[in-house]
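Enquirer: Structure file query39.cif (mmCIF, N, CA and C atoms) is given on the next line.
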data_input
loop_
_atom_site.label_atom_id
_atom_site.label_comp_id
_atom_site.auth_asym_id
_atom_site.auth_seq_id
_atom_site.Cartn_x
_atom_site.Cartn_y
_atom_site.Cartn_z
N MET A 1114 0.84 -1.18 0.00
CA MET A 1114 0.00 0.00 0.00
C MET A 1114 0.88 1.25 0.00
N ASP A 1115 1.62 1.49 -1.05
CA ASP A 1115 2.45 2.67 -1.13
C ASP A 1115 1.59 3.92 -1.13
N GLY A 1116 2.12 5.00 -0.54
CA GLY A 1116 1.43 6.27 -0.56
C GLY A 1116 0.32 6.40 0.46
N CYS A 1117 0.29 5.53 1.45
CA CYS A 1117 -0.75 5.65 2.47
C CYS A 1117 -0.17 5.34 3.84
N LEU A 1118 -0.90 5.74 4.86
CA LEU A 1118 -0.53 5.33 6.22
C LEU A 1118 -0.80 3.84 6.33
N GLU A 1119 0.09 3.14 7.01
CA GLU A 1119 -0.14 1.72 7.23
C GLU A 1119 -0.32 1.49 8.72
N ALA A 1120 -1.15 0.52 9.07
CA ALA A 1120 -1.48 0.28 10.47
C ALA A 1120 -1.62 -1.20 10.76
N GLU A 1121 -1.11 -1.58 11.91
CA GLU A 1121 -1.31 -2.95 12.40
C GLU A 1121 -2.80 -3.17 12.65
N ASP A 1122 -3.46 -2.15 13.20
CA ASP A 1122 -4.89 -2.18 13.51
C ASP A 1122 -5.52 -0.92 12.90
N PRO A 1123 -5.97 -0.99 11.64
CA PRO A 1123 -6.50 0.20 10.97
C PRO A 1123 -7.63 0.91 11.72
N GLU A 1124 -8.53 0.14 12.35
CA GLU A 1124 -9.64 0.78 13.08
C GLU A 1124 -9.10 1.62 14.24
N ARG A 1125 -8.07 1.14 14.92
CA ARG A 1125 -7.45 1.91 16.02
C ARG A 1125 -6.81 3.18 15.46
N ALA A 1126 -6.14 3.07 14.31
CA ALA A 1126 -5.52 4.24 13.69
C ALA A 1126 -6.57 5.26 13.26
N VAL A 1127 -7.70 4.80 12.74
CA VAL A 1127 -8.80 5.70 12.38
C VAL A 1127 -9.24 6.49 13.61
N ARG A 1128 -9.44 5.80 14.74
CA ARG A 1128 -9.85 6.48 15.98
C ARG A 1128 -8.81 7.51 16.39
N PHE A 1129 -7.52 7.14 16.32
CA PHE A 1129 -6.44 8.04 16.73
C PHE A 1129 -6.47 9.34 15.91
N TYR A 1130 -6.45 9.24 14.59
CA TYR A 1130 -6.39 10.43 13.74
C TYR A 1130 -7.69 11.24 13.77
N THR A 1131 -8.81 10.57 13.99
CA THR A 1131 -10.08 11.28 14.16
C THR A 1131 -10.06 12.06 15.47
N ASP A 1132 -9.62 11.42 16.55
CA ASP A 1132 -9.59 12.08 17.86
C ASP A 1132 -8.59 13.23 17.90
N VAL A 1133 -7.41 13.04 17.33
CA VAL A 1133 -6.35 14.05 17.44
C VAL A 1133 -6.55 15.20 16.45
N PHE A 1134 -6.83 14.90 15.18
CA PHE A 1134 -6.87 15.93 14.16
C PHE A 1134 -8.25 16.19 13.56
N GLY A 1135 -9.24 15.38 13.93
CA GLY A 1135 -10.57 15.56 13.37
C GLY A 1135 -10.69 15.13 11.91
N TRP A 1136 -9.78 14.26 11.45
CA TRP A 1136 -9.84 13.80 10.07
C TRP A 1136 -11.06 12.92 9.86
N LYS A 1137 -11.54 12.88 8.62
CA LYS A 1137 -12.71 12.07 8.27
C LYS A 1137 -12.22 10.86 7.47
N PHE A 1138 -12.71 9.68 7.81
CA PHE A 1138 -12.34 8.44 7.14
C PHE A 1138 -13.57 7.80 6.52
N ASP A 1139 -13.43 7.40 5.27
CA ASP A 1139 -14.50 6.69 4.57
C ASP A 1139 -13.94 5.35 4.11
N LYS A 1140 -14.53 4.26 4.63
CA LYS A 1140 -14.05 2.93 4.26
C LYS A 1140 -14.43 2.63 2.82
N TRP A 1141 -13.42 2.21 2.07
CA TRP A 1141 -13.62 1.82 0.68
C TRP A 1141 -14.22 0.42 0.67
N GLU A 1142 -15.22 0.23 -0.13
CA GLU A 1142 -15.90 -1.07 -0.19
C GLU A 1142 -15.32 -1.92 -1.31
N GLY A 1143 -14.04 -2.18 -1.25
CA GLY A 1143 -13.38 -2.99 -2.26
C GLY A 1143 -12.89 -4.30 -1.68
N GLU A 1144 -11.99 -4.95 -2.42
CA GLU A 1144 -11.49 -6.26 -2.02
C GLU A 1144 -10.53 -6.21 -0.84
N VAL A 1145 -9.84 -5.11 -0.67
CA VAL A 1145 -8.88 -4.97 0.43
C VAL A 1145 -9.36 -3.89 1.39
N PRO A 1146 -9.03 -4.04 2.68
CA PRO A 1146 -9.43 -3.00 3.63
C PRO A 1146 -8.64 -1.71 3.36
N TYR A 1147 -9.35 -0.62 3.11
CA TYR A 1147 -8.71 0.65 2.78
C TYR A 1147 -9.68 1.78 3.14
N TRP A 1148 -9.13 2.84 3.73
CA TRP A 1148 -9.93 3.99 4.11
C TRP A 1148 -9.41 5.22 3.38
N LEU A 1149 -10.30 6.02 2.81
CA LEU A 1149 -9.94 7.30 2.22
C LEU A 1149 -9.96 8.34 3.33
N ILE A 1150 -8.95 9.20 3.36
CA ILE A 1150 -8.82 10.18 4.44
C ILE A 1150 -9.06 11.58 3.87
N THR A 1151 -9.93 12.34 4.53
CA THR A 1151 -10.13 13.75 4.23
C THR A 1151 -9.57 14.52 5.41
N THR A 1152 -8.53 15.32 5.17
CA THR A 1152 -7.83 16.00 6.27
C THR A 1152 -8.29 17.43 6.49
N GLY A 1153 -9.10 17.96 5.61
CA GLY A 1153 -9.60 19.32 5.76
C GLY A 1153 -10.63 19.62 4.70
N GLY A 1154 -11.14 20.83 4.73
CA GLY A 1154 -12.12 21.25 3.74
C GLY A 1154 -11.48 21.56 2.40
N PRO A 1155 -12.30 21.70 1.36
CA PRO A 1155 -11.75 21.95 0.01
C PRO A 1155 -11.00 23.27 -0.10
N GLU A 1156 -11.26 24.20 0.80
CA GLU A 1156 -10.59 25.50 0.77
C GLU A 1156 -9.23 25.48 1.46
N GLU A 1157 -8.90 24.39 2.15
CA GLU A 1157 -7.64 24.28 2.88
C GLU A 1157 -6.55 23.65 2.03
N LEU A 1158 -5.34 24.18 2.18
CA LEU A 1158 -4.21 23.56 1.51
C LEU A 1158 -3.88 22.26 2.22
N GLY A 1159 -3.42 21.29 1.49
CA GLY A 1159 -3.04 20.02 2.10
C GLY A 1159 -3.28 18.87 1.15
N ILE A 1160 -2.86 17.72 1.59
CA ILE A 1160 -3.00 16.51 0.79
C ILE A 1160 -3.81 15.51 1.59
N ASP A 1161 -4.90 15.04 1.02
CA ASP A 1161 -5.65 13.98 1.67
C ASP A 1161 -4.90 12.67 1.44
N GLY A 1162 -5.41 11.57 1.92
CA GLY A 1162 -4.65 10.34 1.77
C GLY A 1162 -5.49 9.11 1.96
N GLY A 1163 -4.79 8.03 2.33
CA GLY A 1163 -5.42 6.76 2.55
C GLY A 1163 -4.77 6.02 3.71
N LEU A 1164 -5.45 4.99 4.19
CA LEU A 1164 -4.96 4.18 5.29
C LEU A 1164 -5.30 2.73 4.98
N GLY A 1165 -4.33 1.85 5.21
CA GLY A 1165 -4.56 0.44 4.98
C GLY A 1165 -3.75 -0.40 5.94
N PRO A 1166 -3.92 -1.72 5.91
CA PRO A 1166 -3.17 -2.59 6.80
C PRO A 1166 -1.67 -2.56 6.47
N ARG A 1167 -0.84 -2.65 7.51
CA ARG A 1167 0.61 -2.72 7.30
C ARG A 1167 0.95 -4.05 6.66
N GLN A 1168 1.79 -3.97 5.66
CA GLN A 1168 2.23 -5.17 4.95
C GLN A 1168 3.30 -5.89 5.78
N PRO A 1169 3.36 -7.21 5.72
CA PRO A 1169 4.36 -7.95 6.49
C PRO A 1169 5.77 -7.45 6.20
N GLY A 1170 6.53 -7.20 7.26
CA GLY A 1170 7.91 -6.77 7.13
C GLY A 1170 8.10 -5.30 6.82
N ALA A 1171 7.01 -4.55 6.64
CA ALA A 1171 7.12 -3.12 6.31
C ALA A 1171 7.50 -2.32 7.55
N THR A 1172 8.28 -1.29 7.32
CA THR A 1172 8.61 -0.34 8.40
C THR A 1172 8.12 1.03 7.98
N PRO A 1173 7.77 1.88 8.95
CA PRO A 1173 7.30 3.23 8.60
C PRO A 1173 8.35 3.96 7.76
N GLY A 1174 7.89 4.66 6.73
CA GLY A 1174 8.81 5.35 5.83
C GLY A 1174 8.73 6.86 5.96
N THR A 1175 7.91 7.48 5.16
CA THR A 1175 7.80 8.93 5.10
C THR A 1175 7.29 9.50 6.42
N VAL A 1176 7.88 10.62 6.83
CA VAL A 1176 7.40 11.32 8.03
C VAL A 1176 6.65 12.56 7.55
N ASN A 1177 5.34 12.56 7.73
CA ASN A 1177 4.51 13.70 7.36
C ASN A 1177 4.50 14.70 8.50
N THR A 1178 4.44 15.97 8.17
CA THR A 1178 4.31 17.02 9.17
C THR A 1178 2.95 17.67 8.99
N ILE A 1179 2.21 17.78 10.07
CA ILE A 1179 0.83 18.25 10.05
C ILE A 1179 0.78 19.62 10.72
N GLY A 1180 0.21 20.60 10.05
CA GLY A 1180 0.04 21.93 10.63
C GLY A 1180 -1.06 21.93 11.66
N VAL A 1181 -0.77 22.52 12.84
CA VAL A 1181 -1.77 22.62 13.91
C VAL A 1181 -1.82 24.05 14.41
N GLU A 1182 -2.95 24.44 14.96
CA GLU A 1182 -3.13 25.79 15.51
C GLU A 1182 -2.44 25.94 16.87
N ASP A 1183 -2.49 24.89 17.70
CA ASP A 1183 -1.97 24.94 19.07
C ASP A 1183 -1.19 23.65 19.32
N LEU A 1184 0.14 23.74 19.25
CA LEU A 1184 0.97 22.54 19.37
C LEU A 1184 0.84 21.89 20.74
N ASP A 1185 0.77 22.69 21.81
CA ASP A 1185 0.63 22.11 23.15
C ASP A 1185 -0.65 21.28 23.26
N ALA A 1186 -1.76 21.82 22.74
CA ALA A 1186 -3.03 21.08 22.78
C ALA A 1186 -2.95 19.84 21.90
N ALA A 1187 -2.30 19.94 20.75
CA ALA A 1187 -2.18 18.79 19.86
C ALA A 1187 -1.33 17.69 20.50
N LEU A 1188 -0.24 18.06 21.20
CA LEU A 1188 0.58 17.07 21.88
C LEU A 1188 -0.21 16.36 22.98
N ALA A 1189 -1.02 17.13 23.70
CA ALA A 1189 -1.87 16.52 24.73
C ALA A 1189 -2.88 15.57 24.10
N ALA A 1190 -3.43 15.95 22.94
CA ALA A 1190 -4.40 15.10 22.26
C ALA A 1190 -3.74 13.80 21.77
N VAL A 1191 -2.51 13.90 21.27
CA VAL A 1191 -1.78 12.70 20.84
C VAL A 1191 -1.64 11.73 22.00
N GLN A 1192 -1.18 12.22 23.13
CA GLN A 1192 -0.99 11.35 24.29
C GLN A 1192 -2.32 10.82 24.81
N GLY A 1193 -3.35 11.64 24.80
CA GLY A 1193 -4.67 11.21 25.25
C GLY A 1193 -5.28 10.14 24.36
N ALA A 1194 -4.87 10.12 23.08
CA ALA A 1194 -5.41 9.14 22.13
C ALA A 1194 -4.52 7.90 22.03
N GLY A 1195 -3.49 7.81 22.88
CA GLY A 1195 -2.65 6.61 22.90
C GLY A 1195 -1.36 6.72 22.11
N GLY A 1196 -1.06 7.89 21.54
CA GLY A 1196 0.19 8.09 20.81
C GLY A 1196 1.31 8.50 21.76
N LYS A 1197 2.52 8.70 21.20
CA LYS A 1197 3.68 9.06 22.00
C LYS A 1197 4.37 10.29 21.41
N VAL A 1198 4.86 11.14 22.27
CA VAL A 1198 5.74 12.24 21.85
C VAL A 1198 7.15 11.67 21.85
N VAL A 1199 7.82 11.68 20.69
CA VAL A 1199 9.17 11.12 20.60
C VAL A 1199 10.25 12.19 20.51
N ARG A 1200 9.86 13.41 20.17
CA ARG A 1200 10.78 14.56 20.18
C ARG A 1200 9.95 15.76 20.60
N PRO A 1201 10.21 16.31 21.79
CA PRO A 1201 9.35 17.35 22.31
C PRO A 1201 9.39 18.65 21.51
N LYS A 1202 8.46 19.50 21.82
CA LYS A 1202 8.32 20.81 21.19
C LYS A 1202 9.64 21.57 21.23
N GLU A 1203 10.02 22.11 20.07
CA GLU A 1203 11.22 22.93 20.00
C GLU A 1203 10.99 24.04 18.97
N PRO A 1204 11.68 25.18 19.15
CA PRO A 1204 11.47 26.28 18.21
C PRO A 1204 12.24 26.06 16.91
N ILE A 1205 11.65 26.49 15.83
CA ILE A 1205 12.34 26.66 14.56
C ILE A 1205 12.34 28.18 14.38
N PRO A 1206 13.46 28.85 14.72
CA PRO A 1206 13.48 30.31 14.79
C PRO A 1206 12.91 30.99 13.54
N GLY A 1207 11.98 31.92 13.81
CA GLY A 1207 11.34 32.68 12.76
C GLY A 1207 10.26 31.93 12.00
N ILE A 1208 10.06 30.64 12.30
CA ILE A 1208 9.08 29.82 11.58
C ILE A 1208 7.94 29.38 12.50
N GLY A 1209 8.29 28.71 13.60
CA GLY A 1209 7.26 28.20 14.49
C GLY A 1209 7.80 27.14 15.42
N TRP A 1210 6.91 26.30 15.92
CA TRP A 1210 7.24 25.25 16.89
C TRP A 1210 7.00 23.90 16.26
N LEU A 1211 7.91 22.94 16.52
CA LEU A 1211 7.86 21.63 15.90
C LEU A 1211 8.03 20.54 16.96
N ALA A 1212 7.31 19.44 16.80
CA ALA A 1212 7.47 18.26 17.66
C ALA A 1212 7.22 17.04 16.78
N TYR A 1213 7.77 15.90 17.21
CA TYR A 1213 7.56 14.63 16.50
C TYR A 1213 6.90 13.63 17.43
N CYS A 1214 6.02 12.83 16.86
CA CYS A 1214 5.24 11.86 17.63
C CYS A 1214 5.18 10.54 16.87
N GLU A 1215 4.60 9.54 17.54
CA GLU A 1215 4.23 8.27 16.91
C GLU A 1215 2.76 8.04 17.18
N ASP A 1216 2.06 7.53 16.17
CA ASP A 1216 0.66 7.18 16.38
C ASP A 1216 0.57 5.82 17.08
N THR A 1217 -0.62 5.31 17.24
CA THR A 1217 -0.82 4.03 17.93
C THR A 1217 -0.27 2.85 17.16
N GLU A 1218 0.11 3.07 15.90
CA GLU A 1218 0.63 1.99 15.04
C GLU A 1218 2.14 2.08 14.87
N GLY A 1219 2.79 3.03 15.57
CA GLY A 1219 4.23 3.20 15.46
C GLY A 1219 4.66 4.06 14.29
N ASN A 1220 3.70 4.68 13.57
CA ASN A 1220 4.04 5.57 12.46
C ASN A 1220 4.50 6.92 13.00
N PRO A 1221 5.66 7.41 12.57
CA PRO A 1221 6.13 8.72 13.01
C PRO A 1221 5.43 9.83 12.23
N PHE A 1222 5.26 10.98 12.88
CA PHE A 1222 4.75 12.17 12.19
C PHE A 1222 5.18 13.40 12.98
N GLY A 1223 5.27 14.51 12.29
CA GLY A 1223 5.59 15.77 12.93
C GLY A 1223 4.36 16.64 13.02
N MET A 1224 4.41 17.62 13.93
CA MET A 1224 3.36 18.64 14.01
C MET A 1224 4.05 19.99 14.13
N MET A 1225 3.55 20.98 13.39
CA MET A 1225 4.14 22.30 13.35
C MET A 1225 3.08 23.36 13.61
N GLN A 1226 3.40 24.27 14.54
CA GLN A 1226 2.55 25.43 14.80
C GLN A 1226 3.32 26.64 14.29
N GLY A 1227 2.75 27.34 13.31
CA GLY A 1227 3.39 28.53 12.79
C GLY A 1227 3.44 29.63 13.84
N ASP A 1228 4.63 30.27 13.99
CA ASP A 1228 4.81 31.37 14.93
C ASP A 1228 6.13 32.07 14.59
N PRO A 1229 6.06 33.16 13.82
CA PRO A 1229 7.29 33.86 13.42
C PRO A 1229 8.13 34.35 14.60
N SER A 1230 7.54 34.45 15.79
CA SER A 1230 8.31 34.92 16.96
C SER A 1230 9.02 33.78 17.70
N ALA A 1231 8.89 32.55 17.23
CA ALA A 1231 9.55 31.41 17.88
C ALA A 1231 11.05 31.61 17.85
N ALA A 1232 11.68 31.33 18.99
CA ALA A 1232 13.14 31.48 19.05
C ALA A 1232 13.70 30.47 20.03
#
Please express the file's structure as structure tokens.
Expert:
Amino acid sequence: MDGCLEAEDPERAVRFYTDVFGWKFDKWEGEVPYWLITTGGPEELGIDGGLGPRQPGATPGTVNTIGVEDLDAALAAVQGAGGKVVRPKEPIPGIGWLAYCEDTEGNPFGMMQGDPSAA
């Protein structure tokens, strides 16, 4: 399943991303378990995606960074939904605040809060 999030337990991953980011998942009614992901409204910049079962022997690859309004609240939501903070909040001077996490399936991802005054 190239180009999508992979999960040991896709239903658990759906709950995680719905709880943390409010993403919408629509299960595809095909031969393989697959969910289409809507990450925002049509007026928002971003890339929607997909989620499917992790293939045997696969390891997480691409690290996506997700824009958030409030990084502290998003980090709390990650932990509350069963994810882990693996690199705490740090400033990217003149850009904003960045942290890295893992979802409930061990997939890494970043979160960035824009803030030109970050130092």
Enquirer: Residues of region 1146-1202 of chain A classed as alpha helix (DSSP H) by DSSP on the backbone are to be reported as JSON, numbers by chain.
Expert: {"A": [1184, 1185, 1186, 1187, 1188, 1189, 1190, 1191, 1192, 1193]}
Enquirer: Using atom N of Met1225 (chain A) and atom N of Thr1152 (chain A) as the two end points, give the distance in Å to one decimal.
Expert: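 That distance, rounded to one decimal, is 15.7 Å.
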Enquirer: Could you state which residues are captured by the PyMOL selection byres ((chain A and resi 1212) around 6.5) in this file, as a PyMOL selection string?
Expert: chain A and resi 1200-1203+1210-1211+1213-1214+1222-1225
Enquirer: A:Glu1144, A:Glu1218, A:Asp1228, A:Glu1121: which is nearest Pro1166 (chain A), counting all atoms listed in the file?
Expert: A:Glu1121
Enquirer: So that I can check the surroundings of Lys1140 (chain A), please list as a ChimeraX atom specification every protein, DNA and RNA residue that reaches within 6 Å of it, counting all atoms listed in the file and ignoring chain neighbours fewer than 5 positions away.
Expert: /A:1147-1149
Enquirer: Of the candidates A:Val1133, A:Ala1231, A:Leu1164, A:Ala1126, which one gets nearest to Ile1150 (chain A) if we count only N, CA and C atoms?
Expert: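 Ranked by minimum distance to Ile1150 (chain A), first place goes to A:Leu1164.
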Enquirer: State, in Å with one decimal place, the distance from atom N of Pro1155 (chain A) to CA of Asp1132 (chain A).
Expert: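 Between atom N of Pro1155 (chain A) and CA of Asp1132 (chain A) the gap is 19.3 Å.
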Enquirer: Using Å and a single decimal, report how far atom N of Gly1165 (chain A) sits from CA of Glu1119 (chain A).
Expert: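 Pair CA of Glu1119 (chain A) / atom N of Gly1165 (chain A) returns 4.7 Å.
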Enquirer: Counting only N, CA and C atoms, write as a list in words all protein and nucleic acid residues lying at most 6 Å from (2.0, 24.0, 15.4) in the file's frame.
Expert: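 Residues lying no farther than 6 Å from the given point: Gly1180, Val1181, Glu1182, Asp1183, Leu1184, Trp1210, Met1224, Met1225, Gln1226 and Gly1227 of chain A.
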Enquirer: Using only N, CA and C atoms, determine which residues lie at most 6 Å from Gly1196 (chain A), disregarding the query and same-chain residues fewer than 5 positions distant; provide the list as a list in words.
Expert: Val1191, Glu1215, Asp1216 and Thr1217 of chain A
Enquirer: Taking the DSSP assignment computed from this structure's backbone, write out as a VMD selection string all residues of region 1134-1230 of chain A that belong to strand (DSSP E or B).
Expert: chain A and resid 1137 to 1140 1148 to 1151 1162 to 1166 1177 to 1180 1197 to 1205 1209 to 1215 1221 to 1227
Enquirer: Atoms to include: N, CA and C atoms. Write the selected residues as a tab-separated table (two decimals), in the frame of the given file.
Expert:
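Below you can see selection_31.tsv, which holds the result:
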chain	number	residue	atom	x	y	z
A	1137	LYS	N	-11.54	12.88	8.62
A	1137	LYS	CA	-12.71	12.07	8.27
A	1137	LYS	C	-12.22	10.86	7.47
A	1138	PHE	N	-12.71	9.68	7.81
A	1138	PHE	CA	-12.34	8.44	7.14
A	1138	PHE	C	-13.57	7.80	6.52
A	1139	ASP	N	-13.43	7.40	5.27
A	1139	ASP	CA	-14.50	6.69	4.57
A	1139	ASP	C	-13.94	5.35	4.11
A	1140	LYS	N	-14.53	4.26	4.63
A	1140	LYS	CA	-14.05	2.93	4.26
A	1140	LYS	C	-14.43	2.63	2.82
A	1148	TRP	N	-9.13	2.84	3.73
A	1148	TRP	CA	-9.93	3.99	4.11
A	1148	TRP	C	-9.41	5.22	3.38
A	1149	LEU	N	-10.30	6.02	2.81
A	1149	LEU	CA	-9.94	7.30	2.22
A	1149	LEU	C	-9.96	8.34	3.33
A	1150	ILE	N	-8.95	9.20	3.36
A	1150	ILE	CA	-8.82	10.18	4.44
A	1150	ILE	C	-9.06	11.58	3.87
A	1151	THR	N	-9.93	12.34	4.53
A	1151	THR	CA	-10.13	13.75	4.23
A	1151	THR	C	-9.57	14.52	5.41
A	1162	GLY	N	-5.41	11.57	1.92
A	1162	GLY	CA	-4.65	10.34	1.77
A	1162	GLY	C	-5.49	9.11	1.96
A	1163	GLY	N	-4.79	8.03	2.33
A	1163	GLY	CA	-5.42	6.76	2.55
A	1163	GLY	C	-4.77	6.02	3.71
A	1164	LEU	N	-5.45	4.99	4.19
A	1164	LEU	CA	-4.96	4.18	5.29
A	1164	LEU	C	-5.30	2.73	4.98
A	1165	GLY	N	-4.33	1.85	5.21
A	1165	GLY	CA	-4.56	0.44	4.98
A	1165	GLY	C	-3.75	-0.40	5.94
A	1166	PRO	N	-3.92	-1.72	5.91
A	1166	PRO	CA	-3.17	-2.59	6.80
A	1166	PRO	C	-1.67	-2.56	6.47
A	1177	ASN	N	5.34	12.56	7.73
A	1177	ASN	CA	4.51	13.70	7.36
A	1177	ASN	C	4.50	14.70	8.50
A	1178	THR	N	4.44	15.97	8.17
A	1178	THR	CA	4.31	17.02	9.17
A	1178	THR	C	2.95	17.67	8.99
A	1179	ILE	N	2.21	17.78	10.07
A	1179	ILE	CA	0.83	18.25	10.05
A	1179	ILE	C	0.78	19.62	10.72
A	1180	GLY	N	0.21	20.60	10.05
A	1180	GLY	CA	0.04	21.93	10.63
A	1180	GLY	C	-1.06	21.93	11.66
A	1197	LYS	N	2.52	8.70	21.20
A	1197	LYS	CA	3.68	9.06	22.00
A	1197	LYS	C	4.37	10.29	21.41
A	1198	VAL	N	4.86	11.14	22.27
A	1198	VAL	CA	5.74	12.24	21.85
A	1198	VAL	C	7.15	11.67	21.85
A	1199	VAL	N	7.82	11.68	20.69
A	1199	VAL	CA	9.17	11.12	20.60
A	1199	VAL	C	10.25	12.19	20.51
A	1200	ARG	N	9.86	13.41	20.17
A	1200	ARG	CA	10.78	14.56	20.18
A	1200	ARG	C	9.95	15.76	20.60
A	1201	PRO	N	10.21	16.31	21.79
A	1201	PRO	CA	9.35	17.35	22.31
A	1201	PRO	C	9.39	18.65	21.51
A	1202	LYS	N	8.46	19.50	21.82
A	1202	LYS	CA	8.32	20.81	21.19
A	1202	LYS	C	9.64	21.57	21.23
A	1203	GLU	N	10.02	22.11	20.07
A	1203	GLU	CA	11.22	22.93	20.00
A	1203	GLU	C	10.99	24.04	18.97
A	1204	PRO	N	11.68	25.18	19.15
A	1204	PRO	CA	11.47	26.28	18.21
A	1204	PRO	C	12.24	26.06	16.91
A	1205	ILE	N	11.65	26.49	15.83
A	1205	ILE	CA	12.34	26.66	14.56
A	1205	ILE	C	12.34	28.18	14.38
A	1209	GLY	N	8.29	28.71	13.60
A	1209	GLY	CA	7.26	28.20	14.49
A	1209	GLY	C	7.80	27.14	15.42
A	1210	TRP	N	6.91	26.30	15.92
A	1210	TRP	CA	7.24	25.25	16.89
A	1210	TRP	C	7.00	23.90	16.26
A	1211	LEU	N	7.91	22.94	16.52
A	1211	LEU	CA	7.86	21.63	15.90
A	1211	LEU	C	8.03	20.54	16.96
A	1212	ALA	N	7.31	19.44	16.80
A	1212	ALA	CA	7.47	18.26	17.66
A	1212	ALA	C	7.22	17.04	16.78
A	1213	TYR	N	7.77	15.90	17.21
A	1213	TYR	CA	7.56	14.63	16.50
A	1213	TYR	C	6.90	13.63	17.43
A	1214	CYS	N	6.02	12.83	16.86
A	1214	CYS	CA	5.24	11.86	17.63
A	1214	CYS	C	5.18	10.54	16.87
A	1215	GLU	N	4.60	9.54	17.54
A	1215	GLU	CA	4.23	8.27	16.91
A	1215	GLU	C	2.76	8.04	17.18
A	1221	PRO	N	5.66	7.41	12.57
A	1221	PRO	CA	6.13	8.72	13.01
A	1221	PRO	C	5.43	9.83	12.23
A	1222	PHE	N	5.26	10.98	12.88
A	1222	PHE	CA	4.75	12.17	12.19
A	1222	PHE	C	5.18	13.40	12.98
A	1223	GLY	N	5.27	14.51	12.29
A	1223	GLY	CA	5.59	15.77	12.93
A	1223	GLY	C	4.36	16.64	13.02
A	1224	MET	N	4.41	17.62	13.93
A	1224	MET	CA	3.36	18.64	14.01
A	1224	MET	C	4.05	19.99	14.13
A	1225	MET	N	3.55	20.98	13.39
A	1225	MET	CA	4.14	22.30	13.35
A	1225	MET	C	3.08	23.36	13.61
A	1226	GLN	N	3.40	24.27	14.54
A	1226	GLN	CA	2.55	25.43	14.80
A	1226	GLN	C	3.32	26.64	14.29
A	1227	GLY	N	2.75	27.34	13.31
A	1227	GLY	CA	3.39	28.53	12.79
A	1227	GLY	C	3.44	29.63	13.84
Enquirer: Carefully work through the PyMOL selection byres ((chain A and resi 1161) around 8) for this structure and note down the residues it includes, as a VMD selection string.
Expert: chain A and resid 1149 to 1153 1158 to 1160 1162 to 1163
Enquirer: Pick the closest to Val1127 (chain A) from A:Ala1194, A:Ala1186, A:Val1199, A:Val1145: which is it, counting only C-alpha atoms?
Expert: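 Among A:Ala1194, A:Ala1186, A:Val1199, A:Val1145, it is A:Ala1194 that comes nearest to Val1127 (chain A).
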Enquirer: Running the PyMOL selection byres ((chain A and resi 1230) around 6.5) on this model by hand, what would come out? Give it as a VMD selection string.
Expert: chain A and resid 1206 to 1209 1228 to 1229 1231 to 1232
Enquirer: Pick from A:Thr1178, A:Ala1120, A:Asp1139, A:Arg1128: nearest to Gly1193 (chain A), with only C-alpha atoms counted?
Expert: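 Using only C-alpha atoms, Gly1193 (chain A) sits closest to A:Arg1128.
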